[in-house]
>>> print(open('model_14.txt').read())   # compact mmCIF, C-alpha atoms
# COMPACT_ATOMS: atom_id res chain seq x y z
CA SER A 1 32.07 -76.79 11.46
CA LEU A 2 28.65 -75.80 12.79
CA LYS A 3 26.39 -78.30 14.43
CA GLU A 4 23.41 -75.97 14.60
CA ILE A 5 22.55 -72.70 13.01
CA GLY A 6 20.15 -70.74 15.16
CA ALA A 7 17.19 -69.47 13.33
CA ALA A 8 17.41 -65.76 12.56
CA ALA A 9 14.74 -63.67 14.22
CA VAL A 10 13.11 -60.88 12.26
CA LEU A 11 11.16 -58.24 14.18
CA ASP A 12 8.15 -56.90 12.29
CA LYS A 13 6.44 -53.53 12.76
CA ASN A 14 4.67 -54.88 15.85
CA ASN A 15 7.97 -56.14 17.29
CA VAL A 16 6.85 -59.77 16.74
CA LYS A 17 9.72 -62.15 16.00
CA LEU A 18 9.49 -63.97 12.68
CA SER A 19 11.88 -66.98 12.47
CA ILE A 20 13.74 -67.87 9.32
CA PRO A 21 13.72 -71.68 8.84
CA VAL A 22 17.11 -73.43 9.18
CA LYS A 23 16.67 -75.14 5.85
CA GLU A 24 17.12 -71.80 4.17
CA TRP A 25 20.75 -71.60 5.29
CA LYS A 26 23.39 -72.53 2.72
CA LYS A 27 27.07 -73.21 3.15
CA ILE A 28 29.23 -71.21 0.83
CA GLY A 29 32.91 -71.87 1.52
CA ASN A 30 33.35 -71.55 5.25
CA GLN A 31 30.33 -69.27 5.60
CA TYR A 32 26.64 -69.94 5.98
CA GLN A 33 24.15 -67.63 4.34
CA ALA A 34 20.39 -67.33 4.26
CA SER A 35 18.05 -65.12 2.25
CA TYR A 36 14.66 -63.85 3.17
CA THR A 37 12.13 -61.90 1.15
CA PHE A 38 10.16 -59.22 2.97
CA LYS A 39 6.74 -59.12 1.42
CA LYS A 40 4.96 -56.86 3.85
CA GLU A 41 5.58 -53.20 4.66
CA GLY A 42 6.94 -52.68 8.12
CA LYS A 43 9.71 -51.72 10.49
CA TYR A 44 12.27 -54.52 10.79
CA GLN A 45 15.42 -55.61 12.62
CA ILE A 46 17.25 -58.93 12.15
CA GLU A 47 18.81 -60.92 15.01
CA ALA A 48 20.92 -64.11 14.45
CA SER A 49 23.10 -66.62 16.38
CA CYS A 50 24.60 -70.13 15.89
CA LYS A 51 26.29 -73.14 17.67
CA ASP A 52 29.33 -75.20 16.68
CA LEU A 53 29.91 -79.00 17.22
CA ALA A 54 31.20 -78.33 20.72
CA LYS A 55 27.88 -76.69 21.47
CA ASN A 56 29.48 -73.30 21.79
CA LYS A 57 26.95 -70.58 21.12
CA SER A 58 27.89 -67.44 19.27
CA GLN A 59 27.03 -63.97 20.34
CA LYS A 60 23.76 -62.62 19.05
CA VAL A 61 24.14 -60.08 16.28
CA SER A 62 21.55 -57.49 15.25
CA SER A 63 21.09 -55.40 12.19
CA GLU A 64 20.07 -51.75 12.17
CA VAL A 65 16.38 -51.06 12.09
CA PHE A 66 15.13 -50.79 8.53
CA TYR A 67 11.81 -50.21 6.81
CA ILE A 68 9.99 -51.81 3.96
CA ASP A 69 7.74 -49.15 2.47
CA THR A 70 6.43 -49.12 -1.07
CA LYS A 71 4.25 -46.02 -0.81
CA LYS A 72 5.61 -42.49 -0.97
CA PRO A 73 4.31 -39.75 1.36
CA VAL A 74 1.46 -37.43 0.42
CA VAL A 75 1.42 -33.70 1.27
CA LYS A 76 -1.70 -31.55 1.45
CA VAL A 77 -1.83 -27.75 1.91
CA THR A 78 -5.07 -26.03 2.95
CA GLY A 79 -5.99 -22.38 3.57
CA ILE A 80 -4.31 -20.94 0.47
CA LYS A 81 -4.60 -21.56 -3.26
CA ASN A 82 -2.11 -21.28 -6.07
CA ASN A 83 -2.03 -17.91 -7.89
CA LYS A 84 -4.53 -16.45 -5.44
CA SER A 85 -4.45 -12.91 -4.00
CA TYR A 86 -5.56 -12.11 -0.47
CA GLY A 87 -6.56 -8.59 0.59
CA LYS A 88 -7.80 -6.59 3.57
CA LYS A 89 -10.74 -8.85 4.36
CA ASN A 90 -8.70 -12.06 4.49
CA GLU A 91 -6.90 -13.63 7.44
CA VAL A 92 -4.19 -15.56 5.68
CA MET A 93 -3.21 -18.82 7.40
CA PHE A 94 -2.24 -22.10 5.80
CA LYS A 95 -1.94 -25.63 7.17
CA VAL A 96 0.37 -28.36 5.87
CA CYS A 97 -0.34 -32.05 6.54
CA ALA A 98 1.80 -35.06 5.56
CA LYS A 99 0.37 -38.57 5.33
CA ASP A 100 2.60 -41.66 5.54
CA THR A 101 2.75 -44.69 7.86
CA TYR A 102 6.50 -44.34 8.22
CA TYR A 103 6.74 -40.53 8.04
CA ASP A 104 10.08 -38.97 8.97
CA HIS A 105 10.07 -35.22 8.22
CA MET A 106 9.12 -32.52 5.75
CA VAL A 107 11.01 -29.54 4.40
CA TYR A 108 9.14 -26.36 3.57
CA THR A 109 10.44 -23.17 2.00
CA LEU A 110 8.69 -19.79 2.20
CA LYS A 111 10.12 -16.64 0.56
CA GLY A 112 13.54 -18.31 0.29
CA HIS A 113 13.78 -19.50 3.90
CA SER A 114 13.80 -23.29 4.48
CA GLN A 115 12.85 -25.20 7.61
CA THR A 116 12.65 -28.87 8.56
CA ILE A 117 9.50 -29.99 10.38
CA ARG A 118 9.34 -33.31 12.28
CA LYS A 119 5.64 -33.10 13.03
CA LYS A 120 3.16 -34.46 10.53
CA SER A 121 1.30 -31.15 10.37
CA PHE A 122 1.85 -27.47 11.13
CA SER A 123 0.13 -24.12 10.55
CA LYS A 124 1.49 -20.68 9.75
CA LYS A 125 -0.14 -17.25 9.75
CA ILE A 126 0.98 -14.61 7.23
CA THR A 127 1.14 -11.17 8.84
CA GLU A 128 3.10 -9.15 6.25
CA ASP A 129 2.16 -8.08 2.74
CA GLY A 130 4.27 -9.58 0.00
CA VAL A 131 4.66 -12.03 -2.85
CA TYR A 132 5.03 -15.57 -1.51
CA LEU A 133 6.11 -18.93 -2.90
CA LEU A 134 5.54 -21.94 -0.67
CA THR A 135 7.19 -25.29 -1.47
CA VAL A 136 6.73 -28.41 0.66
CA GLN A 137 8.09 -31.97 0.35
CA ALA A 138 7.77 -34.86 2.82
CA VAL A 139 10.26 -37.71 3.35
CA ASP A 140 9.50 -41.09 4.95
CA LYS A 141 11.73 -43.55 6.83
CA SER A 142 12.62 -45.38 3.64
CA ARG A 143 13.82 -42.04 2.20
CA GLN A 144 11.01 -41.88 -0.31
CA LYS A 145 9.96 -38.31 -1.13
CA SER A 146 6.51 -36.97 -1.82
CA ASP A 147 5.66 -34.90 -4.86
CA ARG A 148 6.84 -31.37 -4.25
CA VAL A 149 3.91 -28.99 -3.64
CA LYS A 150 4.33 -25.41 -4.92
CA ILE A 151 1.86 -22.62 -4.19
CA ALA A 152 2.38 -19.01 -5.30
CA PHE A 153 0.20 -16.38 -3.65
CA THR A 154 0.17 -12.73 -2.66
CA VAL A 155 -0.95 -10.94 0.48
CA ASN A 156 -1.90 -7.33 -0.19
CA ARG A 157 -3.80 -5.60 2.59
CA LYS A 158 -2.44 -2.11 1.87
CA GLY A 159 -3.47 -1.97 -1.77
CA SER A 160 -1.72 0.53 -4.05
CA THR A 161 0.85 3.20 -3.32
CA TYR A 162 1.12 6.23 -5.59
CA GLN A 163 3.63 8.85 -6.63
CA LEU A 164 2.82 12.08 -8.50
CA LEU A 165 5.48 13.44 -10.87
CA GLN A 166 5.28 16.66 -12.87
CA THR A 167 7.48 17.57 -15.82
CA ASP A 168 6.15 18.62 -19.20
CA LYS A 169 3.57 15.93 -18.47
CA VAL A 170 1.75 14.77 -15.38
CA MET A 171 2.65 11.20 -14.36
CA ILE A 172 1.10 9.10 -11.62
CA LYS A 173 2.94 5.91 -10.71
CA GLU A 174 0.82 3.19 -9.11
CA THR A 175 2.62 0.33 -7.34
CA ASN A 176 0.66 -2.77 -6.38
CA LEU A 177 1.57 -6.39 -5.65
CA ASN A 178 -1.41 -7.47 -7.71
CA LYS A 179 -2.83 -6.76 -11.11
CA ILE A 180 -5.06 -3.69 -11.40
CA ILE A 181 -8.36 -4.87 -12.85
CA ASP A 182 -10.28 -1.58 -12.84
CA LYS A 183 -9.35 2.12 -12.66
CA LYS A 184 -10.75 5.61 -13.05
CA LEU A 185 -8.92 8.96 -13.40
CA TRP A 186 -10.35 12.47 -13.19
CA ILE A 187 -9.33 16.11 -12.74
CA THR A 188 -11.16 18.71 -10.67
CA SER A 189 -11.33 22.49 -11.11
CA ASN A 190 -13.73 24.92 -9.42
CA ASN A 191 -15.49 21.99 -7.72
CA LYS A 192 -16.26 20.36 -11.08
CA ASP A 193 -14.96 16.90 -12.05
CA TYR A 194 -13.82 15.94 -15.55
CA GLU A 195 -13.37 12.20 -16.09
CA LEU A 196 -10.38 11.25 -18.24
CA LYS A 197 -10.66 8.74 -21.05
CA PRO A 198 -8.01 6.00 -21.37
CA ASN A 199 -5.82 6.17 -24.48
CA VAL A 200 -7.34 9.59 -25.24
CA ASP A 201 -6.67 11.83 -22.23
CA TYR A 202 -4.06 9.57 -20.68
CA LYS A 203 -1.94 6.51 -21.47
CA THR A 204 -0.72 3.70 -19.23
CA VAL A 205 3.01 3.03 -19.58
CA ASP A 206 4.93 0.74 -17.17
CA ASN A 207 2.38 1.13 -14.35
CA GLN A 208 2.34 4.89 -14.88
CA TYR A 209 -0.61 7.01 -15.96
CA VAL A 210 0.73 9.71 -18.27
CA ILE A 211 -1.49 12.79 -18.72
CA SER A 212 -0.59 15.52 -21.18
CA LYS A 213 -0.86 19.08 -19.85
CA SER A 214 -2.85 19.94 -22.95
CA VAL A 215 -5.72 18.07 -21.27
CA PHE A 216 -5.72 20.67 -18.49
CA GLU A 217 -5.28 23.56 -20.90
CA GLU A 218 -8.47 22.47 -22.63
CA TYR A 219 -10.40 23.63 -19.54
CA GLY A 220 -8.50 26.93 -19.16
CA GLU A 221 -5.97 28.45 -16.78
CA GLY A 222 -6.17 27.73 -13.09
CA SER A 223 -5.31 25.12 -10.48
CA TYR A 224 -6.39 21.51 -10.88
CA SER A 225 -6.47 18.58 -8.50
CA ILE A 226 -6.31 15.02 -9.71
CA GLY A 227 -7.87 11.77 -8.51
CA VAL A 228 -7.28 8.06 -9.12
CA GLN A 229 -9.45 5.16 -8.03
CA SER A 230 -8.51 1.54 -8.74
CA ARG A 231 -9.30 -2.01 -7.73
CA ASP A 232 -6.81 -4.89 -7.64
CA GLU A 233 -7.09 -8.66 -7.82
CA ALA A 234 -6.88 -8.91 -4.04
CA GLY A 235 -10.16 -7.00 -3.80
CA ASN A 236 -8.61 -3.79 -2.47
CA SER A 237 -10.28 -0.53 -3.49
CA ASN A 238 -7.59 2.15 -3.76
CA LEU A 239 -8.06 5.94 -3.79
CA PHE A 240 -5.39 8.57 -4.49
CA LEU A 241 -6.15 12.27 -3.93
CA PRO A 242 -2.78 14.09 -3.85
CA LYS A 243 -2.49 17.43 -2.08
CA GLU A 244 -0.32 18.79 -4.89
CA GLU A 245 -2.14 20.82 -7.52
CA ILE A 246 -1.45 21.11 -11.22
CA LEU A 247 -1.21 24.76 -12.26
CA ILE A 248 -2.01 25.89 -15.78
CA ASP A 249 -0.88 29.50 -16.15
CA LYS A 250 0.36 31.47 -19.15
CA THR A 251 -0.26 34.95 -17.72
CA PRO A 252 2.78 36.71 -16.20
CA PRO A 253 2.45 38.40 -12.78
CA GLU A 254 1.94 42.17 -12.57
CA GLY A 255 3.87 44.58 -10.33
CA TYR A 256 4.22 48.36 -9.87
CA PHE A 257 5.92 50.94 -7.64
CA ILE A 258 3.85 52.99 -5.20
CA GLY A 259 5.15 56.32 -3.83
CA LEU A 260 7.99 56.93 -6.29
CA ASP A 261 6.44 59.79 -8.28
CA LYS A 262 9.47 62.12 -7.92
CA LYS A 263 13.10 61.93 -8.94
CA VAL A 264 14.56 63.70 -5.91
CA TYR A 265 13.59 63.46 -2.22
CA GLY A 266 15.04 65.72 0.48
CA LEU A 267 14.82 63.06 3.16
CA LYS A 268 17.07 60.87 5.25
CA GLN A 269 14.85 57.88 4.44
CA LYS A 270 12.30 57.27 1.74
CA LYS A 271 9.64 54.59 2.18
CA PHE A 272 8.07 53.18 -0.95
CA LYS A 273 5.89 50.20 -1.81
CA ILE A 274 5.63 47.56 -4.51
CA GLY A 275 2.18 46.31 -5.50
CA TYR A 276 1.75 42.87 -7.09
CA LYS A 277 -0.93 40.47 -8.33
CA ASP A 278 -1.29 37.24 -10.30
CA ASN A 279 -4.12 34.94 -11.31
CA THR A 280 -2.52 31.87 -9.65
CA GLY A 281 -0.38 33.45 -6.94
CA VAL A 282 3.03 35.11 -6.55
CA GLU A 283 5.86 32.83 -5.50
CA SER A 284 8.60 35.43 -4.89
CA LEU A 285 9.48 39.13 -5.22
CA ILE A 286 13.10 40.24 -5.43
CA LEU A 287 14.02 43.91 -4.96
CA LYS A 288 17.23 45.15 -6.60
CA ILE A 289 19.10 48.38 -6.02
CA ASP A 290 21.82 49.25 -8.51
CA GLY A 291 21.53 45.73 -9.90
CA LYS A 292 22.10 43.98 -6.56
CA GLU A 293 19.50 41.99 -4.62
CA VAL A 294 18.64 43.71 -1.34
CA LYS A 295 15.39 41.96 -0.37
CA ASN A 296 13.60 38.72 -1.27
CA TRP A 297 10.01 38.10 -0.14
CA ASN A 298 8.85 34.46 -0.23
CA ARG A 299 5.38 33.11 -0.98
CA GLU A 300 4.19 33.04 2.63
CA GLU A 301 5.33 36.62 3.25
CA LEU A 302 3.63 37.80 0.09
CA LEU A 303 0.38 36.06 1.03
CA ASN A 304 0.42 37.77 4.41
CA ALA A 305 1.25 41.17 2.86
CA LYS A 306 -1.94 40.97 0.73
CA GLY A 307 -0.72 42.63 -2.45
CA GLU A 308 1.76 45.26 -1.19
CA VAL A 309 5.23 45.20 0.39
CA SER A 310 7.26 48.19 1.56
CA TYR A 311 10.95 49.09 1.73
CA LEU A 312 12.85 51.90 3.45
CA LEU A 313 15.56 53.47 1.27
CA GLU A 314 18.33 55.33 3.11
CA GLU A 315 19.74 58.61 1.78
CA SER A 316 22.86 58.47 -0.37
CA LYS A 317 25.27 60.76 -2.21
CA LYS A 318 24.30 59.39 -5.59
CA GLU A 319 21.28 58.49 -7.64
CA ARG A 320 19.97 54.94 -7.06
CA GLU A 321 18.47 52.62 -9.65
CA ILE A 322 15.59 50.54 -8.30
CA SER A 323 13.92 47.49 -9.94
CA PHE A 324 12.18 44.26 -8.98
CA VAL A 325 11.56 40.75 -10.32
CA LEU A 326 8.26 38.92 -9.73
CA LYS A 327 7.76 35.17 -10.18
CA ASP A 328 4.42 33.40 -9.89
CA VAL A 329 3.76 29.87 -8.68
CA ALA A 330 3.75 28.61 -12.28
CA GLY A 331 7.33 29.85 -12.71
CA ILE A 332 6.54 32.81 -14.98
CA SER A 333 8.62 35.92 -14.22
CA THR A 334 8.14 39.66 -14.75
CA GLU A 335 10.96 42.24 -14.42
CA SER A 336 10.13 45.89 -13.87
CA LYS A 337 11.69 48.82 -15.68
CA PRO A 338 14.33 50.48 -13.46
CA VAL A 339 13.43 53.72 -11.66
CA LYS A 340 16.16 56.24 -10.81
CA ILE A 341 15.76 58.41 -7.69
CA LEU A 342 17.92 60.44 -5.32
CA VAL A 343 17.28 60.50 -1.58
CA THR A 344 19.46 63.07 0.19
CA THR A 345 19.37 66.00 2.62
CA ASP A 346 22.34 67.63 0.84
CA LEU A 347 21.01 70.90 -0.69
CA TRP A 348 23.71 71.20 -3.33
CA MET A 349 23.11 67.65 -4.59
CA ARG A 350 19.39 68.29 -4.68
CA TYR A 351 20.04 71.59 -6.52
CA GLU A 352 22.23 69.84 -9.09
CA ASN A 353 19.69 67.13 -9.76
CA VAL A 354 16.64 69.40 -9.75
CA TYR A 355 17.94 72.48 -11.60
CA LYS A 356 20.08 70.80 -14.23
CA ILE A 357 16.83 69.78 -15.88
CA GLY A 358 15.52 73.34 -15.63
CA ILE A 359 18.75 74.80 -17.03
CA GLY A 360 18.51 72.45 -19.95
CA LEU A 361 14.99 73.62 -20.62
CA ILE A 362 16.04 77.30 -20.47
CA VAL A 363 18.78 76.67 -23.02
CA ILE A 364 16.31 74.96 -25.28
CA LEU A 365 13.83 77.86 -24.92
CA ILE A 366 16.47 80.51 -25.65
CA GLY A 367 17.49 78.62 -28.74
CA SER A 368 13.90 78.57 -29.84
CA VAL A 369 13.52 82.33 -29.30
CA CYS A 370 16.66 83.06 -31.32
CA VAL A 371 15.44 80.98 -34.19
CA PHE A 372 12.06 82.66 -34.04
CA GLY A 373 13.64 86.15 -34.02
CA LYS A 374 15.80 85.26 -36.96
CA ASN A 375 12.83 84.22 -38.96
CA ARG A 376 11.10 87.60 -38.34
CA THR A 377 14.07 89.79 -39.48
>>> encode(input="model_14.txt", output="structure tokens")
Amino acid sequence: SLKEIGAAAVLDKNNVKLSIPVKEWKKIGNQYQASYTFKKEGKYQIEASCKDLAKNKSQKVSSEVFYIDTKKPVVKVTGIKNNKSYGKKNEVMFKVCAKDTYYDHMVYTLKGHSQTIRKKSFSKKITEDGVYLLTVQAVDKSRQKSDRVKIAFTVNRKGSTYQLLQTDKVMIKETNLNKIIDKKLWITSNNKDYELKPNVDYKTVDNQYVISKSVFEEYGEGSYSIGVQSRDEAGNSNLFLPKEEILIDKTPPEGYFIGLDKKVYGLKQKKFKIGYKDNTGVESLILKIDGKEVKNWNREELLNAKGEVSYLLEESKKEREISFVLKDVAGISTESKPVKILVTTDLWMRYENVYKIGIGLIVILIGSVCVFGKNRT
């Protein structure tokens, strides 16, 4: 049996030993137990020892350090606000501070990436545009957790991006991290602006501005440029002036042969020209001989040629059929009537082609004379 039970020493948060009175020890079976109520918050560790009747002293035993803490941590975030948008004029940096006497760590998550922070405070600068969700929660030594702080915000320094699409309608897609709070659309022709009315001249569908081509046709044929100006919640002023033009054209291009006024040419080579014009511009000109494409002039070549292109036709032993197809920048095509000519230095072939027409005329004239003579007898 024990002669003396050494008083248990309790270390408080200031490492001061607090003794538990011996009278609090109770014998239960062959064990002695004591209870102690911790009424104050603090960092504690218990030490205890005892002696038996032979005055043998036991080894000192110690508990693990533990904490008495009745208050949970508090987290505060400054520099950003929930559901706030930050634009070009803002330097976006937030600071997180945790308050607790027995603070241990905090866990913060930003855009899906989590990190544990041992310091009571930290700062972070946002350098990239995007949609952000920040969550922070602090934990103290007693494993109490703070209320979880959630802040959703956007950083949008670039403003809107745009895409112009043309089908049977004109569509402009505006992409922005934030809500568009103001916008203006207009079309320009011959240095004159025409402002478009929402829900009349255009409709907004799934972040797209849809403009009917009938709006352009109202102002006549020609080329139109388009403009969009908008403002988002982040304070960005956005301007879109695409280089692409909208062409309204119902008039087909015109083309004609130059220098093909005969049917037969006694030459080794015959040079001829094709003239062309269009109110919006010619995109391509395809020359065909006997139904096959032999030359294709593109838009740049036609612009440089300034309304006329030429082609050198080599002599042949047969009549050639020549035609062309014009297409303007609006996609409207014109196909010429075929012209048949013979280019050859062969006298007999030239004779056949030239005089067979004359012989036919002589036959017709003789027939006419005979009929006339018959009528007089």
>>> atom_distance(input="model_14.txt", atom1="atom CA of A:Lys119", atom2="atom CA of A:Met106")
8.1 Å
>>> residues_around(input="model_14.txt", residues="A:Ser212", least_positions_apart="5", cutoff="10 Å", atoms="all atoms listed in the file", output="number ranges by chain")
A: 167-171, 200-203, 217
>>> write_last_selection(input="model_14.txt", atoms="C-alpha atoms", output="mmCIF file, in the coordinates of the input")
data_model
loop_
_atom_site.group_PDB
_atom_site.id
_atom_site.type_symbol
_atom_site.label_atom_id
_atom_site.label_comp_id
_atom_site.auth_asym_id
_atom_site.auth_seq_id
_atom_site.Cartn_x
_atom_site.Cartn_y
_atom_site.Cartn_z
ATOM 1 C CA THR A 167 7.480 17.570 -15.820
ATOM 2 C CA ASP A 168 6.150 18.620 -19.200
ATOM 3 C CA LYS A 169 3.570 15.930 -18.470
ATOM 4 C CA VAL A 170 1.750 14.770 -15.380
ATOM 5 C CA MET A 171 2.650 11.200 -14.360
ATOM 6 C CA VAL A 200 -7.340 9.590 -25.240
ATOM 7 C CA ASP A 201 -6.670 11.830 -22.230
ATOM 8 C CA TYR A 202 -4.060 9.570 -20.680
ATOM 9 C CA LYS A 203 -1.940 6.510 -21.470
ATOM 10 C CA GLU A 217 -5.280 23.560 -20.900
#
>>> atom_distance(input="model_14.txt", atom1="atom CA of A:Ile332", atom2="atom CA of A:Ser284")
10.6 Å
>>> closest_residue(input="model_14.txt", among="A:Lys150, A:Lys124, A:Lys173, A:Lys71", to="A:Val205", atoms="only C-alpha atoms")
A:Lys173
>>> atom_distance(input="model_14.txt", atom1="atom CA of A:Gly87", atom2="atom CA of A:Gly159")
7.7 Å
>>> residues_around(input="model_14.txt", residues="A:Trp297", least_positions_apart="3", cutoff="7 Å", atoms="only C-alpha atoms", output="MDAnalysis selection string")
chainID A and resid 284:286 301:302
>>> residues_around(input="model_14.txt", residues="A:Val155", least_positions_apart="2", cutoff="8 Å", atoms="only C-alpha atoms", output="list of chain:residue names")
A:Ser85, A:Tyr86, A:Gly87, A:Val92, A:Ile126, A:Glu128, A:Asp129, A:Gly130, A:Val131, A:Tyr132, A:Phe153, A:Arg157, A:Ala234
>>> residues_around(input="model_14.txt", residues="stretch 271-274 of chain A", least_positions_apart="5", cutoff="7 Å", atoms="only C-alpha atoms", output="ChimeraX atom specification")
/A:255-260,308-313
>>> closest_residue(input="model_14.txt", among="A:Asp278, A:Glu245, A:Asp346, A:Asp232", to="A:Gln166", atoms="all atoms listed in the file")
A:Glu245
>>> residues_near_point(input="model_14.txt", point="(6.5, -26.1, 6.1)", cutoff="9 Å", atoms="only C-alpha atoms", output="list in words")
Lys95, Val96, Met106, Val107, Tyr108, Thr109, Leu110, Ser114, Gln115, Thr116, Ile117, Ser121, Phe122, Ser123, Lys124, Leu134, Thr135, Val136 and Gln137 of chain A
>>> closest_residue(input="model_14.txt", among="A:Tyr162, A:Ala305, A:Cys97, A:Gly266", to="A:Val77", atoms="all atoms listed in the file")
A:Cys97
>>> residues_near_point(input="model_14.txt", point="(17.3, 45.4, -4.7)", cutoff="10 Å", atoms="only C-alpha atoms", output="PyMOL selection string")
chain A and resi 286-296+311+321-325
>>> write_last_selection(input="model_14.txt", atoms="C-alpha atoms", output="JSON list (two decimals), keeping the file's coordinate frame")
[["chain", "number", "residue", "atom", "x", "y", "z"],
["A", 286, "ILE", "CA", 13.10, 40.24, -5.43],
["A", 287, "LEU", "CA", 14.02, 43.91, -4.96],
["A", 288, "LYS", "CA", 17.23, 45.15, -6.60],
["A", 289, "ILE", "CA", 19.10, 48.38, -6.02],
["A", 290, "ASP", "CA", 21.82, 49.25, -8.51],
["A", 291, "GLY", "CA", 21.53, 45.73, -9.90],
["A", 292, "LYS", "CA", 22.10, 43.98, -6.56],
["A", 293, "GLU", "CA", 19.50, 41.99, -4.62],
["A", 294, "VAL", "CA", 18.64, 43.71, -1.34],
["A", 295, "LYS", "CA", 15.39, 41.96, -0.37],
["A", 296, "ASN", "CA", 13.60, 38.72, -1.27],
["A", 311, "TYR", "CA", 10.95, 49.09, 1.73],
["A", 321, "GLU", "CA", 18.47, 52.62, -9.65],
["A", 322, "ILE", "CA", 15.59, 50.54, -8.30],
["A", 323, "SER", "CA", 13.92, 47.49, -9.94],
["A", 324, "PHE", "CA", 12.18, 44.26, -8.98],
["A", 325, "VAL", "CA", 11.56, 40.75, -10.32]]
>>> decode(input="model_14.txt", residues="stretch 255-260 of chain A", atoms="all heavy atoms", output="short mmCIF file (atom, residue, chain, number, x, y, z; two decimals), in the first residue's frame")
data_model
loop_
_atom_site.label_atom_id
_atom_site.label_comp_id
_atom_site.auth_asym_id
_atom_site.auth_seq_id
_atom_site.Cartn_x
_atom_site.Cartn_y
_atom_site.Cartn_z
N GLY A 255 -19.38 41.58 -117.47
CA GLY A 255 -18.15 41.26 -118.19
C GLY A 255 -18.38 41.20 -119.69
O GLY A 255 -19.51 40.97 -120.16
N TYR A 256 -17.32 41.42 -120.48
CA TYR A 256 -17.45 41.44 -121.94
C TYR A 256 -16.08 41.18 -122.56
O TYR A 256 -15.04 41.46 -121.98
CB TYR A 256 -18.00 42.79 -122.41
CG TYR A 256 -17.31 43.98 -121.77
CD1 TYR A 256 -16.19 44.56 -122.36
CD2 TYR A 256 -17.77 44.50 -120.55
CE1 TYR A 256 -15.54 45.62 -121.75
CE2 TYR A 256 -17.13 45.57 -119.95
CZ TYR A 256 -16.01 46.12 -120.56
OH TYR A 256 -15.37 47.18 -119.96
N PHE A 257 -16.14 40.59 -123.80
CA PHE A 257 -14.90 40.34 -124.56
C PHE A 257 -14.48 41.60 -125.29
O PHE A 257 -15.31 42.39 -125.77
CB PHE A 257 -15.12 39.22 -125.58
CG PHE A 257 -15.22 37.85 -124.97
CD1 PHE A 257 -16.42 37.15 -124.97
CD2 PHE A 257 -14.09 37.25 -124.40
CE1 PHE A 257 -16.50 35.88 -124.40
CE2 PHE A 257 -14.18 35.98 -123.84
CZ PHE A 257 -15.38 35.31 -123.84
N ILE A 258 -13.18 41.79 -125.41
CA ILE A 258 -12.60 42.89 -126.17
C ILE A 258 -11.62 42.31 -127.19
O ILE A 258 -10.71 41.57 -126.83
CB ILE A 258 -11.85 43.89 -125.25
CG1 ILE A 258 -12.80 44.44 -124.17
CG2 ILE A 258 -11.24 45.02 -126.07
CD1 ILE A 258 -12.09 45.27 -123.13
N GLY A 259 -11.84 42.66 -128.49
CA GLY A 259 -10.91 42.19 -129.53
C GLY A 259 -11.29 40.89 -130.17
O GLY A 259 -10.46 40.26 -130.83
N LEU A 260 -12.53 40.44 -129.98
CA LEU A 260 -13.00 39.21 -130.64
C LEU A 260 -14.18 39.56 -131.55
O LEU A 260 -15.30 39.05 -131.40
CB LEU A 260 -13.41 38.16 -129.60
CG LEU A 260 -12.29 37.55 -128.76
CD1 LEU A 260 -12.85 36.50 -127.81
CD2 LEU A 260 -11.21 36.92 -129.64
#
